[in-house]
Amino acid sequence: VPMSEAPPAASEEAARELQAEVREAVRGDLELHQAGQKAFVSLVRAYREHHCNYIFQLEKLSLGGVAFAMGLLRLPKMPELSGFKVTHFSADSSVDISALKFKDRAREKARRVREEKQAAAAEDTREERGE
């Protein structure tokens with residue numbers, strides 16, 4: 001059977017447009033940001049801890065490409081990434097991660113209440129210390 005190279009299913013431009021749409025969706029919903037971060041961490045840890053390390057070689061995986069494909073705005077801080085040079089990824093410095101909000105109003109309200117309680121507890125601790 002003769003074989004020939006198949007053309008890509010989508011153009012590079014279509015892929016860039018899709019990636020821009022994914023990142024825009026992530027910029028608009030903290031839940032998507034958190035899910036992407038969690039998925040990336042899970043994938044890296046699965047590669048690192050898998051018993052078939054001759055198949056799942058973290059060193060040969062394009063971590064930047066994976067992070068970019070997952071729509072990450074920034075790479076998570078994790079010990080498994082220390083010593084790795086991550087290429088093909090650029091953090092989105094135009095986004096303040098702490099300013100992201102949940103699209104779901106109930107989750108956003110619960111997050112704000114939790115942050116207010118944490119801020120009040122931190123203030124109480126400072127007052128107890130005499131600061």
# chains A, B, ... in the order shown; residues from 1 in each chain; ligands from 1
call {"tool": "residues_around", "arguments": {"residues": "Pro76 (chain A)", "least_positions_apart": "3", "cutoff": "10 Å", "atoms": "only C-alpha atoms", "output": "PyMOL selection string"}}
result
chain A and resi 36-38+40-41+67+72-73+79+81
call {"tool": "write_last_selection", "arguments": {"atoms": "all heavy atoms", "output": "short mmCIF file (atom, residue, chain, number, x, y, z; two decimals), in the first residue's frame"}}
result
data_model
loop_
_atom_site.label_atom_id
_atom_site.label_comp_id
_atom_site.auth_asym_id
_atom_site.auth_seq_id
_atom_site.Cartn_x
_atom_site.Cartn_y
_atom_site.Cartn_z
N GLY A 36 -7.77 24.67 33.73
CA GLY A 36 -6.57 24.51 32.90
C GLY A 36 -5.32 24.30 33.74
O GLY A 36 -4.50 23.43 33.44
N GLN A 37 -5.20 25.06 34.82
CA GLN A 37 -4.06 24.90 35.72
C GLN A 37 -4.05 23.50 36.33
O GLN A 37 -3.02 22.83 36.37
CB GLN A 37 -4.12 25.95 36.85
CG GLN A 37 -3.94 27.37 36.39
CD GLN A 37 -2.50 27.77 36.30
OE1 GLN A 37 -1.69 27.39 37.12
NE2 GLN A 37 -2.16 28.55 35.29
N LYS A 38 -5.21 23.06 36.79
CA LYS A 38 -5.32 21.74 37.42
C LYS A 38 -5.00 20.63 36.42
O LYS A 38 -4.30 19.67 36.73
CB LYS A 38 -6.73 21.56 37.99
CG LYS A 38 -6.91 20.33 38.82
CD LYS A 38 -8.30 20.30 39.44
CE LYS A 38 -8.47 19.08 40.32
NZ LYS A 38 -9.79 19.06 40.95
N PHE A 40 -3.10 20.86 33.72
CA PHE A 40 -1.67 20.90 33.41
C PHE A 40 -0.86 20.23 34.52
O PHE A 40 0.02 19.41 34.25
CB PHE A 40 -1.22 22.34 33.20
CG PHE A 40 0.23 22.46 32.82
CD1 PHE A 40 0.63 22.24 31.51
CD2 PHE A 40 1.19 22.79 33.76
CE1 PHE A 40 1.97 22.35 31.15
CE2 PHE A 40 2.52 22.90 33.41
CZ PHE A 40 2.91 22.67 32.10
N VAL A 41 -1.16 20.58 35.76
CA VAL A 41 -0.45 19.98 36.90
C VAL A 41 -0.66 18.47 36.91
O VAL A 41 0.28 17.70 37.11
CB VAL A 41 -0.91 20.63 38.23
CG1 VAL A 41 -0.42 19.84 39.43
CG2 VAL A 41 -0.45 22.07 38.31
N ALA A 67 0.88 23.62 27.64
CA ALA A 67 0.31 24.74 28.39
C ALA A 67 -0.43 25.70 27.45
O ALA A 67 -1.53 26.17 27.76
CB ALA A 67 1.41 25.49 29.13
N LEU A 72 -3.51 28.15 29.07
CA LEU A 72 -2.97 28.74 30.29
C LEU A 72 -2.49 30.16 30.03
O LEU A 72 -1.91 30.46 28.99
CB LEU A 72 -1.81 27.91 30.84
CG LEU A 72 -2.13 26.49 31.26
CD1 LEU A 72 -0.92 25.86 31.94
CD2 LEU A 72 -3.32 26.41 32.17
N LEU A 73 -2.74 31.02 30.99
CA LEU A 73 -2.27 32.40 30.90
C LEU A 73 -0.87 32.52 31.49
O LEU A 73 -0.08 33.34 31.07
CB LEU A 73 -3.24 33.33 31.63
CG LEU A 73 -4.69 33.26 31.13
CD1 LEU A 73 -5.59 34.12 32.02
CD2 LEU A 73 -4.79 33.68 29.69
N PRO A 79 7.07 22.13 41.77
CA PRO A 79 8.45 21.63 41.85
C PRO A 79 8.84 20.75 40.66
O PRO A 79 10.01 20.71 40.28
CB PRO A 79 8.48 20.84 43.15
CG PRO A 79 7.08 20.66 43.58
CD PRO A 79 6.27 21.71 42.89
N LEU A 81 8.52 21.28 37.67
CA LEU A 81 9.01 22.08 36.54
C LEU A 81 10.40 22.67 36.78
O LEU A 81 10.99 23.21 35.85
CB LEU A 81 8.03 23.22 36.22
CG LEU A 81 6.68 22.81 35.66
CD1 LEU A 81 5.83 24.05 35.39
CD2 LEU A 81 6.82 21.98 34.41
#
call {"tool": "residues_around", "arguments": {"residues": "Val22 (chain A)", "least_positions_apart": "6", "cutoff": "10 Å", "atoms": "only C-alpha atoms", "output": "list in words"}}
result
Arg16, Leu32, Phe68, Ala69, Met70, Gly71 and Leu72 of chain A
call {"tool": "write_last_selection", "arguments": {"atoms": "C-alpha atoms", "output": "compact mmCIF listing (two decimals), in the first residue's frame"}}
result
# COMPACT_ATOMS: atom_id res chain seq x y z
CA ARG A 16 -3.95 30.44 16.03
CA LEU A 32 -11.65 27.88 33.13
CA PHE A 68 -0.47 26.84 25.32
CA ALA A 69 -2.96 24.25 24.04
CA MET A 70 -4.69 24.23 27.44
CA GLY A 71 -5.13 27.99 27.26
CA LEU A 72 -2.97 28.74 30.29
call {"tool": "select_by_dssp", "arguments": {"residues": "region 55-128 of chain A", "states": "helix (DSSP H, G or I)", "output": "MDAnalysis selection string"}}
result
chainID A and resid 58:60 63:69 79:81 97:99 105:128
call {"tool": "residues_around", "arguments": {"residues": "Lys60 (chain A)", "least_positions_apart": "2", "cutoff": "12 Å", "atoms": "only C-alpha atoms", "output": "PDB file with C-alpha atoms, in the first residue's frame"}}
result
ATOM      1  CA  VAL A  44       2.908  16.810  34.421  1.00  0.00           C
ATOM      2  CA  TYR A  47       4.169  11.875  33.280  1.00  0.00           C
ATOM      3  CA  ARG A  48       6.602  12.247  36.176  1.00  0.00           C
ATOM      4  CA  ASN A  53       8.849   6.246  31.964  1.00  0.00           C
ATOM      5  CA  TYR A  54      10.406   4.952  28.768  1.00  0.00           C
ATOM      6  CA  ILE A  55       7.098   5.790  27.065  1.00  0.00           C
ATOM      7  CA  PHE A  56       6.002   8.830  29.084  1.00  0.00           C
ATOM      8  CA  GLN A  57       9.162  10.932  28.995  1.00  0.00           C
ATOM      9  CA  LEU A  58       8.502  14.303  30.546  1.00  0.00           C
ATOM     10  CA  SER A  62       6.728  20.109  24.875  1.00  0.00           C
ATOM     11  CA  LEU A  63       5.422  21.530  28.146  1.00  0.00           C
ATOM     12  CA  GLY A  64       5.040  24.975  26.634  1.00  0.00           C
ATOM     13  CA  GLY A  65       2.992  23.545  23.783  1.00  0.00           C
ATOM     14  CA  VAL A  66       0.785  21.648  26.214  1.00  0.00           C
ATOM     15  CA  PHE A  84      12.980  22.399  32.824  1.00  0.00           C
ATOM     16  CA  LYS A  85      13.355  24.953  30.092  1.00  0.00           C
ATOM     17  CA  VAL A  86       9.809  25.562  28.885  1.00  0.00           C
ATOM     18  CA  THR A  87       9.692  26.718  25.278  1.00  0.00           C
TER      19      THR A  87
END
call {"tool": "closest_residue", "arguments": {"among": "A:Ala15, A:Pro2, A:Glu59, A:Leu75", "to": "Ala39 (chain A)", "atoms": "only C-alpha atoms"}}
result
A:Leu75
call {"tool": "atom_distance", "arguments": {"atom1": "CA of Arg105 (chain A)", "atom2": "CA of Glu31 (chain A)"}}
result
11.5 Å
call {"tool": "atom_distance", "arguments": {"atom1": "CA of Asp96 (chain A)", "atom2": "CA of Glu17 (chain A)"}}
result
22.4 Å
call {"tool": "decode", "arguments": {"residues": "region 52-75 of chain A", "atoms": "N, CA, C and O atoms", "output": "short mmCIF file (atom, residue, chain, number, x, y, z; two decimals), in the first residue's frame"}}
result
data_model
loop_
_atom_site.label_atom_id
_atom_site.label_comp_id
_atom_site.auth_asym_id
_atom_site.auth_seq_id
_atom_site.Cartn_x
_atom_site.Cartn_y
_atom_site.Cartn_z
N CYS A 52 5.83 3.58 33.34
CA CYS A 52 6.39 3.37 32.00
C CYS A 52 7.12 4.63 31.54
O CYS A 52 6.77 5.25 30.54
N ASN A 53 8.16 5.00 32.28
CA ASN A 53 8.85 6.25 31.96
C ASN A 53 9.64 6.18 30.66
O ASN A 53 10.09 7.20 30.18
N TYR A 54 9.78 5.03 30.09
CA TYR A 54 10.41 4.95 28.77
C TYR A 54 9.41 5.34 27.68
O TYR A 54 9.80 5.65 26.57
N ILE A 55 8.13 5.33 28.01
CA ILE A 55 7.10 5.79 27.06
C ILE A 55 6.71 7.24 27.38
O ILE A 55 6.67 8.09 26.51
N PHE A 56 6.43 7.50 28.65
CA PHE A 56 6.00 8.83 29.08
C PHE A 56 7.21 9.61 29.59
O PHE A 56 7.48 9.66 30.78
N GLN A 57 7.93 10.22 28.67
CA GLN A 57 9.16 10.93 29.00
C GLN A 57 8.88 12.43 29.08
O GLN A 57 8.73 13.11 28.07
N LEU A 58 8.80 12.90 30.31
CA LEU A 58 8.50 14.30 30.55
C LEU A 58 9.52 15.21 29.86
O LEU A 58 9.17 16.27 29.35
N GLU A 59 10.76 14.78 29.82
CA GLU A 59 11.82 15.59 29.22
C GLU A 59 11.60 15.82 27.72
O GLU A 59 12.07 16.80 27.17
N LYS A 60 10.88 14.91 27.07
CA LYS A 60 10.65 15.04 25.63
C LYS A 60 9.30 15.69 25.30
O LYS A 60 9.00 15.93 24.14
N LEU A 61 8.51 15.95 26.32
CA LEU A 61 7.20 16.56 26.13
C LEU A 61 7.36 18.07 26.00
O LEU A 61 8.10 18.70 26.77
N SER A 62 6.70 18.65 25.03
CA SER A 62 6.73 20.11 24.88
C SER A 62 5.76 20.72 25.89
O SER A 62 4.58 20.91 25.62
N LEU A 63 6.28 21.00 27.09
CA LEU A 63 5.42 21.53 28.15
C LEU A 63 4.82 22.87 27.77
O LEU A 63 3.67 23.16 28.10
N GLY A 64 5.57 23.69 27.08
CA GLY A 64 5.04 24.98 26.63
C GLY A 64 3.90 24.79 25.65
O GLY A 64 2.89 25.49 25.71
N GLY A 65 4.05 23.83 24.74
CA GLY A 65 2.99 23.54 23.78
C GLY A 65 1.74 23.03 24.46
O GLY A 65 0.62 23.41 24.11
N VAL A 66 1.93 22.18 25.46
CA VAL A 66 0.79 21.65 26.21
C VAL A 66 0.09 22.78 26.96
O VAL A 66 -1.13 22.91 26.93
N ALA A 67 0.88 23.62 27.64
CA ALA A 67 0.31 24.74 28.39
C ALA A 67 -0.43 25.70 27.45
O ALA A 67 -1.53 26.17 27.76
N PHE A 68 0.16 25.95 26.30
CA PHE A 68 -0.47 26.84 25.32
C PHE A 68 -1.77 26.23 24.81
O PHE A 68 -2.79 26.91 24.71
N ALA A 69 -1.76 24.93 24.53
CA ALA A 69 -2.96 24.25 24.04
C ALA A 69 -4.08 24.24 25.09
O ALA A 69 -5.26 24.26 24.74
N MET A 70 -3.70 24.22 26.36
CA MET A 70 -4.69 24.23 27.44
C MET A 70 -5.21 25.63 27.75
O MET A 70 -6.06 25.81 28.60
N GLY A 71 -4.67 26.63 27.07
CA GLY A 71 -5.13 27.99 27.26
C GLY A 71 -4.61 28.66 28.51
O GLY A 71 -5.18 29.64 28.98
N LEU A 72 -3.51 28.15 29.07
CA LEU A 72 -2.97 28.74 30.29
C LEU A 72 -2.49 30.16 30.03
O LEU A 72 -1.91 30.46 28.99
N LEU A 73 -2.74 31.02 30.99
CA LEU A 73 -2.27 32.40 30.90
C LEU A 73 -0.87 32.52 31.49
O LEU A 73 -0.08 33.34 31.07
N ARG A 74 -0.60 31.68 32.49
CA ARG A 74 0.72 31.58 33.12
C ARG A 74 0.95 30.13 33.50
O ARG A 74 0.00 29.39 33.74
N LEU A 75 2.21 29.74 33.60
CA LEU A 75 2.52 28.40 34.07
C LEU A 75 2.35 28.33 35.58
O LEU A 75 2.72 29.27 36.29
#
